[in-house]
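Here is my_file_1.tsv, consisting of TSV, N, CA and C atoms:
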```
chain	number	residue	atom	x	y	z
A	5	MET	N	-2.42	-7.00	-31.72
A	5	MET	CA	-3.26	-6.84	-30.54
A	5	MET	C	-3.83	-5.42	-30.54
A	6	LYS	N	-5.10	-5.30	-30.27
A	6	LYS	CA	-5.77	-4.00	-30.23
A	6	LYS	C	-5.62	-3.36	-28.85
A	7	ASN	N	-5.29	-2.08	-28.83
A	7	ASN	CA	-5.16	-1.33	-27.59
A	7	ASN	C	-6.53	-0.78	-27.20
A	8	LEU	N	-7.04	-1.13	-26.04
A	8	LEU	CA	-8.35	-0.69	-25.59
A	8	LEU	C	-8.21	0.52	-24.68
A	9	THR	N	-8.97	1.56	-24.93
A	9	THR	CA	-8.99	2.75	-24.09
A	9	THR	C	-10.43	3.10	-23.79
A	10	SER	N	-10.62	3.89	-22.74
A	10	SER	CA	-11.98	4.32	-22.38
A	10	SER	C	-12.05	5.83	-22.41
A	11	GLU	N	-13.25	6.34	-22.42
A	11	GLU	CA	-13.47	7.78	-22.37
A	11	GLU	C	-13.06	8.29	-21.00
A	12	LYS	N	-12.57	9.52	-20.94
A	12	LYS	CA	-12.19	10.13	-19.66
A	12	LYS	C	-13.45	10.37	-18.83
A	13	ILE	N	-13.38	10.01	-17.55
A	13	ILE	CA	-14.49	10.19	-16.63
A	13	ILE	C	-14.16	11.39	-15.74
A	14	GLN	N	-15.03	12.38	-15.75
A	14	GLN	CA	-14.78	13.58	-14.96
A	14	GLN	C	-14.71	13.24	-13.48
A	15	GLY	N	-13.66	13.73	-12.79
A	15	GLY	CA	-13.50	13.49	-11.37
A	15	GLY	C	-12.79	12.19	-11.03
A	16	TYR	N	-12.32	11.46	-12.07
A	16	TYR	CA	-11.64	10.19	-11.84
A	16	TYR	C	-10.30	10.18	-12.56
A	17	GLU	N	-9.26	9.69	-11.85
A	17	GLU	CA	-7.95	9.51	-12.48
A	17	GLU	C	-7.26	8.30	-11.85
A	18	LEU	N	-6.82	7.39	-12.69
A	18	LEU	CA	-6.02	6.25	-12.24
A	18	LEU	C	-4.57	6.72	-12.18
A	19	LEU	N	-3.99	6.72	-10.98
A	19	LEU	CA	-2.62	7.18	-10.81
A	19	LEU	C	-1.61	6.05	-11.01
A	20	ASP	N	-1.92	4.87	-10.47
A	20	ASP	CA	-1.00	3.74	-10.54
A	20	ASP	C	-1.75	2.47	-10.15
A	21	SER	N	-1.12	1.34	-10.41
A	21	SER	CA	-1.67	0.05	-9.98
A	21	SER	C	-0.53	-0.94	-9.87
A	22	GLY	N	-0.76	-1.99	-9.09
A	22	GLY	CA	0.22	-3.04	-8.93
A	22	GLY	C	0.14	-3.68	-7.55
A	23	HIS	N	0.72	-4.86	-7.44
A	23	HIS	CA	0.70	-5.63	-6.18
A	23	HIS	C	-0.72	-5.80	-5.65
A	24	GLY	N	-1.68	-6.00	-6.56
A	24	GLY	CA	-3.06	-6.27	-6.17
A	24	GLY	C	-3.86	-5.05	-5.73
A	25	LYS	N	-3.36	-3.84	-6.06
A	25	LYS	CA	-4.06	-2.60	-5.64
A	25	LYS	C	-4.05	-1.59	-6.77
A	26	LYS	N	-4.90	-0.58	-6.63
A	26	LYS	CA	-4.84	0.57	-7.53
A	26	LYS	C	-4.93	1.85	-6.72
A	27	LEU	N	-4.27	2.88	-7.22
A	27	LEU	CA	-4.24	4.19	-6.59
A	27	LEU	C	-4.96	5.14	-7.52
A	28	GLU	N	-6.03	5.77	-7.02
A	28	GLU	CA	-6.90	6.58	-7.85
A	28	GLU	C	-7.22	7.90	-7.18
A	29	ILE	N	-7.68	8.85	-7.98
A	29	ILE	CA	-8.31	10.05	-7.45
A	29	ILE	C	-9.76	9.97	-7.87
A	30	ILE	N	-10.66	10.02	-6.89
A	30	ILE	CA	-12.10	9.98	-7.14
A	30	ILE	C	-12.71	11.18	-6.44
A	31	ALA	N	-13.29	12.07	-7.20
A	31	ALA	CA	-13.93	13.28	-6.66
A	31	ALA	C	-12.98	14.06	-5.75
A	32	GLY	N	-11.71	14.14	-6.13
A	32	GLY	CA	-10.74	14.91	-5.37
A	32	GLY	C	-10.11	14.19	-4.19
A	33	VAL	N	-10.48	12.92	-3.98
A	33	VAL	CA	-9.95	12.13	-2.86
A	33	VAL	C	-8.99	11.08	-3.41
A	34	THR	N	-7.79	10.98	-2.85
A	34	THR	CA	-6.84	9.96	-3.26
A	34	THR	C	-7.17	8.66	-2.54
A	35	VAL	N	-7.47	7.64	-3.32
A	35	VAL	CA	-8.00	6.38	-2.81
A	35	VAL	C	-7.08	5.21	-3.20
A	36	GLU	N	-6.85	4.31	-2.26
A	36	GLU	CA	-6.17	3.05	-2.54
A	36	GLU	C	-7.19	1.95	-2.32
A	37	ARG	N	-7.39	1.11	-3.35
A	37	ARG	CA	-8.34	0.01	-3.17
A	37	ARG	C	-7.86	-1.24	-3.89
A	38	PRO	N	-8.40	-2.39	-3.51
A	38	PRO	CA	-7.95	-3.65	-4.09
A	38	PRO	C	-8.21	-3.73	-5.59
A	39	SER	N	-7.30	-4.39	-6.28
A	39	SER	CA	-7.44	-4.69	-7.69
A	39	SER	C	-6.68	-6.00	-7.95
A	40	PRO	N	-7.32	-7.15	-7.67
A	40	PRO	CA	-6.63	-8.43	-7.74
A	40	PRO	C	-5.96	-8.71	-9.09
A	41	GLN	N	-6.44	-8.08	-10.16
A	41	GLN	CA	-5.86	-8.30	-11.48
A	41	GLN	C	-4.52	-7.58	-11.67
A	42	ALA	N	-4.21	-6.63	-10.81
A	42	ALA	CA	-2.97	-5.84	-10.93
A	42	ALA	C	-1.81	-6.62	-10.31
A	43	ILE	N	-1.28	-7.58	-11.06
A	43	ILE	CA	-0.25	-8.48	-10.53
A	43	ILE	C	1.17	-7.98	-10.76
A	44	TRP	N	1.34	-6.89	-11.45
A	44	TRP	CA	2.66	-6.31	-11.75
A	44	TRP	C	3.13	-5.40	-10.61
A	45	ALA	N	4.32	-4.91	-10.72
A	45	ALA	CA	4.87	-3.98	-9.73
A	45	ALA	C	4.38	-2.56	-10.03
A	46	PRO	N	4.01	-1.79	-9.01
A	46	PRO	CA	3.61	-0.40	-9.23
A	46	PRO	C	4.78	0.39	-9.81
A	47	ARG	N	4.48	1.45	-10.57
A	47	ARG	CA	5.55	2.27	-11.13
A	47	ARG	C	5.86	3.47	-10.25
A	48	LEU	N	4.89	3.93	-9.45
A	48	LEU	CA	5.13	5.09	-8.57
A	48	LEU	C	5.82	4.64	-7.28
A	49	PRO	N	6.60	5.52	-6.67
A	49	PRO	CA	7.25	5.16	-5.40
A	49	PRO	C	6.23	5.01	-4.27
A	50	GLU	N	6.63	4.29	-3.23
A	50	GLU	CA	5.76	4.07	-2.07
A	50	GLU	C	5.29	5.39	-1.45
A	51	SER	N	6.12	6.43	-1.52
A	51	SER	CA	5.75	7.73	-0.95
A	51	SER	C	4.49	8.30	-1.61
A	52	ASP	N	4.30	8.03	-2.90
A	52	ASP	CA	3.06	8.48	-3.57
A	52	ASP	C	1.86	7.68	-3.10
A	53	TRP	N	2.03	6.39	-2.86
A	53	TRP	CA	0.94	5.56	-2.37
A	53	TRP	C	0.53	5.97	-0.95
A	54	LYS	N	1.48	6.45	-0.17
A	54	LYS	CA	1.18	6.87	1.20
A	54	LYS	C	0.35	8.16	1.25
A	55	LYS	N	0.16	8.81	0.12
A	55	LYS	CA	-0.66	10.02	0.06
A	55	LYS	C	-2.16	9.71	0.02
A	56	ALA	N	-2.51	8.44	-0.10
A	56	ALA	CA	-3.92	8.05	-0.12
A	56	ALA	C	-4.58	8.45	1.20
A	57	THR	N	-5.72	9.12	1.10
A	57	THR	CA	-6.43	9.54	2.30
A	57	THR	C	-7.59	8.61	2.64
A	58	SER	N	-7.87	7.67	1.73
A	58	SER	CA	-8.92	6.69	1.96
A	58	SER	C	-8.42	5.35	1.43
A	59	ILE	N	-8.40	4.33	2.28
A	59	ILE	CA	-7.86	3.03	1.91
A	59	ILE	C	-8.91	1.96	2.18
A	60	CYS	N	-9.19	1.16	1.16
A	60	CYS	CA	-10.13	0.05	1.32
A	60	CYS	C	-9.36	-1.18	1.75
A	61	ILE	N	-9.77	-1.77	2.87
A	61	ILE	CA	-9.17	-2.99	3.38
A	61	ILE	C	-10.09	-4.15	3.01
A	62	ARG	N	-9.62	-5.01	2.13
A	62	ARG	CA	-10.44	-6.12	1.63
A	62	ARG	C	-10.60	-7.21	2.69
A	63	LYS	N	-11.82	-7.72	2.80
A	63	LYS	CA	-12.10	-8.84	3.70
A	63	LYS	C	-12.05	-10.14	2.91
A	64	THR	N	-11.89	-11.24	3.59
A	64	THR	CA	-11.79	-12.53	2.92
A	64	THR	C	-13.09	-12.93	2.21
A	65	ASP	N	-14.23	-12.36	2.62
A	65	ASP	CA	-15.50	-12.71	1.99
A	65	ASP	C	-15.77	-11.89	0.72
A	66	GLY	N	-14.82	-11.03	0.33
A	66	GLY	CA	-14.98	-10.23	-0.87
A	66	GLY	C	-15.42	-8.81	-0.60
A	67	GLY	N	-15.93	-8.53	0.59
A	67	GLY	CA	-16.31	-7.16	0.95
A	67	GLY	C	-15.10	-6.38	1.42
A	68	GLY	N	-15.35	-5.27	2.05
A	68	GLY	CA	-14.24	-4.48	2.55
A	68	GLY	C	-14.70	-3.36	3.47
A	69	THR	N	-13.75	-2.77	4.14
A	69	THR	CA	-14.02	-1.62	4.98
A	69	THR	C	-13.08	-0.49	4.56
A	70	TRP	N	-13.47	0.74	4.86
A	70	TRP	CA	-12.68	1.91	4.49
A	70	TRP	C	-12.00	2.50	5.71
A	71	ASN	N	-10.73	2.78	5.57
A	71	ASN	CA	-9.96	3.49	6.58
A	71	ASN	C	-9.70	4.88	6.00
A	72	THR	N	-10.38	5.88	6.52
A	72	THR	CA	-10.25	7.23	6.01
A	72	THR	C	-9.31	8.01	6.91
A	73	VAL	N	-8.17	8.38	6.35
A	73	VAL	CA	-7.14	9.10	7.09
A	73	VAL	C	-7.53	10.57	7.25
A	74	GLU	N	-8.07	11.13	6.19
A	74	GLU	CA	-8.41	12.55	6.18
A	74	GLU	C	-9.49	12.74	5.13
A	75	THR	N	-10.47	13.57	5.41
A	75	THR	CA	-11.51	13.83	4.43
A	75	THR	C	-11.18	15.10	3.66
A	76	ALA	N	-10.66	14.92	2.47
A	76	ALA	CA	-10.30	16.04	1.61
A	76	ALA	C	-11.53	16.67	0.98
A	77	ASN	N	-12.57	15.87	0.78
A	77	ASN	CA	-13.80	16.34	0.16
A	77	ASN	C	-14.97	15.80	0.98
A	78	PRO	N	-15.58	16.60	1.85
A	78	PRO	CA	-16.66	16.09	2.71
A	78	PRO	C	-17.88	15.61	1.95
A	79	LYS	N	-18.04	15.97	0.68
A	79	LYS	CA	-19.19	15.52	-0.11
A	79	LYS	C	-18.95	14.15	-0.72
A	80	PHE	N	-17.72	13.64	-0.63
A	80	PHE	CA	-17.37	12.34	-1.21
A	80	PHE	C	-17.93	11.22	-0.35
A	81	SER	N	-18.54	10.25	-0.99
A	81	SER	CA	-19.07	9.08	-0.29
A	81	SER	C	-18.50	7.83	-0.94
A	82	HIS	N	-18.06	6.87	-0.15
A	82	HIS	CA	-17.50	5.64	-0.69
A	82	HIS	C	-18.57	4.72	-1.28
A	83	GLY	N	-19.80	4.94	-0.91
A	83	GLY	CA	-20.87	4.09	-1.42
A	83	GLY	C	-20.92	2.72	-0.76
A	84	LEU	N	-20.27	2.57	0.39
A	84	LEU	CA	-20.31	1.29	1.09
A	84	LEU	C	-21.10	1.41	2.36
```

Starting from the coordinates I provided, produce the structure as structure tokens.
Amino acid sequence: MKNLTSEKIQGYELLDSGHGKKLEIIAGVTVERPSPQAIWAPRLPESDWKKATSICIRKTDGGGTWNTVETANPKFSHGL
């Protein structure tokens, strides 16, 4: 089986994934958003997931809304 990797994207880091979500840093903001393909258990403790300052809440129609706890980077836009 071939291992697939991608080029590093400046300003982006995948911290963890699992239970249908992923935890990322995007432009300095810690974000939790849906990832239906992530069916495994996360490796980081729940305390790390609670550090997310922006959380996407998925709607049943496939869209979502953002719950922003704190704006760490005022120039960051969710694009929604």

Which of region 15-82 of chain A DSSP labels strand (DSSP E), written as an mmCIF file with N, CA and C atoms, in the frame of the given file:
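Written file, states09.cif:
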```cif
data_model
loop_
_atom_site.group_PDB
_atom_site.id
_atom_site.type_symbol
_atom_site.label_atom_id
_atom_site.label_comp_id
_atom_site.auth_asym_id
_atom_site.auth_seq_id
_atom_site.Cartn_x
_atom_site.Cartn_y
_atom_site.Cartn_z
ATOM 1 N N TYR A 16 -12.320 11.460 -12.070
ATOM 2 C CA TYR A 16 -11.640 10.190 -11.840
ATOM 3 C C TYR A 16 -10.300 10.180 -12.560
ATOM 4 N N GLU A 17 -9.260 9.690 -11.850
ATOM 5 C CA GLU A 17 -7.950 9.510 -12.480
ATOM 6 C C GLU A 17 -7.260 8.300 -11.850
ATOM 7 N N LEU A 18 -6.820 7.390 -12.690
ATOM 8 C CA LEU A 18 -6.020 6.250 -12.240
ATOM 9 C C LEU A 18 -4.570 6.720 -12.180
ATOM 10 N N LEU A 19 -3.990 6.720 -10.980
ATOM 11 C CA LEU A 19 -2.620 7.180 -10.810
ATOM 12 C C LEU A 19 -1.610 6.050 -11.010
ATOM 13 N N ASP A 20 -1.920 4.870 -10.470
ATOM 14 C CA ASP A 20 -1.000 3.740 -10.540
ATOM 15 C C ASP A 20 -1.750 2.470 -10.150
ATOM 16 N N SER A 21 -1.120 1.340 -10.410
ATOM 17 C CA SER A 21 -1.670 0.050 -9.980
ATOM 18 C C SER A 21 -0.530 -0.940 -9.870
ATOM 19 N N GLY A 22 -0.760 -1.990 -9.090
ATOM 20 C CA GLY A 22 0.220 -3.040 -8.930
ATOM 21 C C GLY A 22 0.140 -3.680 -7.550
ATOM 22 N N LYS A 25 -3.360 -3.840 -6.060
ATOM 23 C CA LYS A 25 -4.060 -2.600 -5.640
ATOM 24 C C LYS A 25 -4.050 -1.590 -6.770
ATOM 25 N N LYS A 26 -4.900 -0.580 -6.630
ATOM 26 C CA LYS A 26 -4.840 0.570 -7.530
ATOM 27 C C LYS A 26 -4.930 1.850 -6.720
ATOM 28 N N LEU A 27 -4.270 2.880 -7.220
ATOM 29 C CA LEU A 27 -4.240 4.190 -6.590
ATOM 30 C C LEU A 27 -4.960 5.140 -7.520
ATOM 31 N N GLU A 28 -6.030 5.770 -7.020
ATOM 32 C CA GLU A 28 -6.900 6.580 -7.850
ATOM 33 C C GLU A 28 -7.220 7.900 -7.180
ATOM 34 N N ILE A 29 -7.680 8.850 -7.980
ATOM 35 C CA ILE A 29 -8.310 10.050 -7.450
ATOM 36 C C ILE A 29 -9.760 9.970 -7.870
ATOM 37 N N ILE A 30 -10.660 10.020 -6.890
ATOM 38 C CA ILE A 30 -12.100 9.980 -7.140
ATOM 39 C C ILE A 30 -12.710 11.180 -6.440
ATOM 40 N N VAL A 33 -10.480 12.920 -3.980
ATOM 41 C CA VAL A 33 -9.950 12.130 -2.860
ATOM 42 C C VAL A 33 -8.990 11.080 -3.410
ATOM 43 N N THR A 34 -7.790 10.980 -2.850
ATOM 44 C CA THR A 34 -6.840 9.960 -3.260
ATOM 45 C C THR A 34 -7.170 8.660 -2.540
ATOM 46 N N VAL A 35 -7.470 7.640 -3.320
ATOM 47 C CA VAL A 35 -8.000 6.380 -2.810
ATOM 48 C C VAL A 35 -7.080 5.210 -3.200
ATOM 49 N N GLU A 36 -6.850 4.310 -2.260
ATOM 50 C CA GLU A 36 -6.170 3.050 -2.540
ATOM 51 C C GLU A 36 -7.190 1.950 -2.320
ATOM 52 N N ARG A 37 -7.390 1.110 -3.350
ATOM 53 C CA ARG A 37 -8.340 0.010 -3.170
ATOM 54 C C ARG A 37 -7.860 -1.240 -3.890
ATOM 55 N N PRO A 38 -8.400 -2.390 -3.510
ATOM 56 C CA PRO A 38 -7.950 -3.650 -4.090
ATOM 57 C C PRO A 38 -8.210 -3.730 -5.590
ATOM 58 N N SER A 58 -7.870 7.670 1.730
ATOM 59 C CA SER A 58 -8.920 6.690 1.960
ATOM 60 C C SER A 58 -8.420 5.350 1.430
ATOM 61 N N ILE A 59 -8.400 4.330 2.280
ATOM 62 C CA ILE A 59 -7.860 3.030 1.910
ATOM 63 C C ILE A 59 -8.910 1.960 2.180
ATOM 64 N N CYS A 60 -9.190 1.160 1.160
ATOM 65 C CA CYS A 60 -10.130 0.050 1.320
ATOM 66 C C CYS A 60 -9.360 -1.180 1.750
ATOM 67 N N ILE A 61 -9.770 -1.770 2.870
ATOM 68 C CA ILE A 61 -9.170 -2.990 3.380
ATOM 69 C C ILE A 61 -10.090 -4.150 3.010
ATOM 70 N N ARG A 62 -9.620 -5.010 2.130
ATOM 71 C CA ARG A 62 -10.440 -6.120 1.630
ATOM 72 C C ARG A 62 -10.600 -7.210 2.690
ATOM 73 N N GLY A 68 -15.350 -5.270 2.050
ATOM 74 C CA GLY A 68 -14.240 -4.480 2.550
ATOM 75 C C GLY A 68 -14.700 -3.360 3.470
ATOM 76 N N THR A 69 -13.750 -2.770 4.140
ATOM 77 C CA THR A 69 -14.020 -1.620 4.980
ATOM 78 C C THR A 69 -13.080 -0.490 4.560
ATOM 79 N N TRP A 70 -13.470 0.740 4.860
ATOM 80 C CA TRP A 70 -12.680 1.910 4.490
ATOM 81 C C TRP A 70 -12.000 2.500 5.710
ATOM 82 N N ASN A 71 -10.730 2.780 5.570
ATOM 83 C CA ASN A 71 -9.960 3.490 6.580
ATOM 84 C C ASN A 71 -9.700 4.880 6.000
ATOM 85 N N THR A 72 -10.380 5.880 6.520
ATOM 86 C CA THR A 72 -10.250 7.230 6.010
ATOM 87 C C THR A 72 -9.310 8.010 6.910
#
```

At a cut-off of 7 Å, using only N, CA and C atoms, what residues contact Pro40 (chain A)? Leave out same-chain residues fewer than 5 positions from it and give the result as a PDB file with N, CA and C atoms, keeping the file's coordinate frame.
```pdb
ATOM      1  N   HIS A  23       0.720  -4.860  -7.440  1.00  0.00           N
ATOM      2  CA  HIS A  23       0.700  -5.630  -6.180  1.00  0.00           C
ATOM      3  C   HIS A  23      -0.720  -5.800  -5.650  1.00  0.00           C
ATOM      4  N   GLY A  24      -1.680  -6.000  -6.560  1.00  0.00           N
ATOM      5  CA  GLY A  24      -3.060  -6.270  -6.170  1.00  0.00           C
ATOM      6  C   GLY A  24      -3.860  -5.050  -5.730  1.00  0.00           C
ATOM      7  N   LYS A  25      -3.360  -3.840  -6.060  1.00  0.00           N
ATOM      8  CA  LYS A  25      -4.060  -2.600  -5.640  1.00  0.00           C
ATOM      9  C   LYS A  25      -4.050  -1.590  -6.770  1.00  0.00           C
TER      10      LYS A  25
END
```

Worksheet entry | Residue nearest Thr57 (chain A) - candidates A:Ser39, A:Asn71, A:Asn7, A:Ser21, atoms counted: only C-alpha atoms | A:Asn71

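Considering only C-alpha atoms, the residue among A:Ala56, A:Val73, A:Gly68, A:Ile61 positioned nearest to Glu28 (chain A) is A:Ala56.
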
Practice prompt. From the DSSP assignment of the backbone, select every residue of chain A that is alpha helix (DSSP H), and format the answer as a ChimeraX atom specification.
Written response: /A:50-53

Where atoms are absent from region 57-68 of chain A, fill them in so it carries all heavy atoms, then output it as a compact mmCIF listing (two decimals), in the frame of the given file.
```txt
# COMPACT_ATOMS: atom_id res chain seq x y z
N THR A 57 -5.72 9.12 1.10
CA THR A 57 -6.43 9.54 2.30
C THR A 57 -7.59 8.61 2.64
O THR A 57 -8.20 8.74 3.68
CB THR A 57 -6.95 10.98 2.16
OG1 THR A 57 -7.77 11.07 0.99
CG2 THR A 57 -5.81 11.97 2.05
N SER A 58 -7.87 7.67 1.73
CA SER A 58 -8.92 6.69 1.96
C SER A 58 -8.42 5.35 1.43
O SER A 58 -8.04 5.25 0.26
CB SER A 58 -10.19 7.13 1.25
OG SER A 58 -11.33 6.89 2.00
N ILE A 59 -8.40 4.33 2.28
CA ILE A 59 -7.86 3.03 1.91
C ILE A 59 -8.91 1.96 2.18
O ILE A 59 -9.45 1.87 3.29
CB ILE A 59 -6.58 2.73 2.71
CG1 ILE A 59 -5.53 3.82 2.44
CG2 ILE A 59 -6.04 1.35 2.39
CD1 ILE A 59 -4.35 3.77 3.38
N CYS A 60 -9.19 1.16 1.16
CA CYS A 60 -10.13 0.05 1.32
C CYS A 60 -9.36 -1.18 1.75
O CYS A 60 -8.40 -1.59 1.10
CB CYS A 60 -10.86 -0.22 0.01
SG CYS A 60 -12.07 -1.56 0.15
N ILE A 61 -9.77 -1.77 2.87
CA ILE A 61 -9.17 -2.99 3.38
C ILE A 61 -10.09 -4.15 3.01
O ILE A 61 -11.22 -4.22 3.49
CB ILE A 61 -8.99 -2.94 4.92
CG1 ILE A 61 -8.29 -1.64 5.35
CG2 ILE A 61 -8.27 -4.18 5.42
CD1 ILE A 61 -6.92 -1.43 4.77
N ARG A 62 -9.62 -5.01 2.13
CA ARG A 62 -10.44 -6.12 1.63
C ARG A 62 -10.60 -7.21 2.69
O ARG A 62 -9.65 -7.57 3.37
CB ARG A 62 -9.81 -6.70 0.37
CG ARG A 62 -10.70 -7.68 -0.33
CD ARG A 62 -10.04 -8.09 -1.64
NE ARG A 62 -10.92 -8.95 -2.38
CZ ARG A 62 -11.67 -8.56 -3.40
NH1 ARG A 62 -11.61 -7.32 -3.80
NH2 ARG A 62 -12.45 -9.40 -4.04
N LYS A 63 -11.82 -7.72 2.80
CA LYS A 63 -12.10 -8.84 3.70
C LYS A 63 -12.05 -10.14 2.91
O LYS A 63 -12.16 -10.13 1.68
CB LYS A 63 -13.49 -8.67 4.31
CG LYS A 63 -13.60 -7.48 5.25
CD LYS A 63 -14.98 -7.43 5.87
CE LYS A 63 -15.10 -6.28 6.83
NZ LYS A 63 -16.44 -6.19 7.42
N THR A 64 -11.89 -11.24 3.59
CA THR A 64 -11.79 -12.53 2.92
C THR A 64 -13.09 -12.93 2.21
O THR A 64 -13.05 -13.72 1.28
CB THR A 64 -11.39 -13.64 3.91
OG1 THR A 64 -12.33 -13.67 4.98
CG2 THR A 64 -10.00 -13.41 4.45
N ASP A 65 -14.23 -12.36 2.62
CA ASP A 65 -15.50 -12.71 1.99
C ASP A 65 -15.77 -11.89 0.72
O ASP A 65 -16.82 -12.02 0.11
CB ASP A 65 -16.67 -12.54 2.97
CG ASP A 65 -16.93 -11.10 3.38
OD1 ASP A 65 -16.20 -10.19 2.91
OD2 ASP A 65 -17.85 -10.86 4.17
N GLY A 66 -14.82 -11.03 0.33
CA GLY A 66 -14.98 -10.23 -0.87
C GLY A 66 -15.42 -8.81 -0.60
O GLY A 66 -15.30 -7.95 -1.46
N GLY A 67 -15.93 -8.53 0.59
CA GLY A 67 -16.31 -7.16 0.95
C GLY A 67 -15.10 -6.38 1.42
O GLY A 67 -13.96 -6.79 1.21
N GLY A 68 -15.35 -5.27 2.05
CA GLY A 68 -14.24 -4.48 2.55
C GLY A 68 -14.70 -3.36 3.47
O GLY A 68 -15.89 -3.08 3.57
```
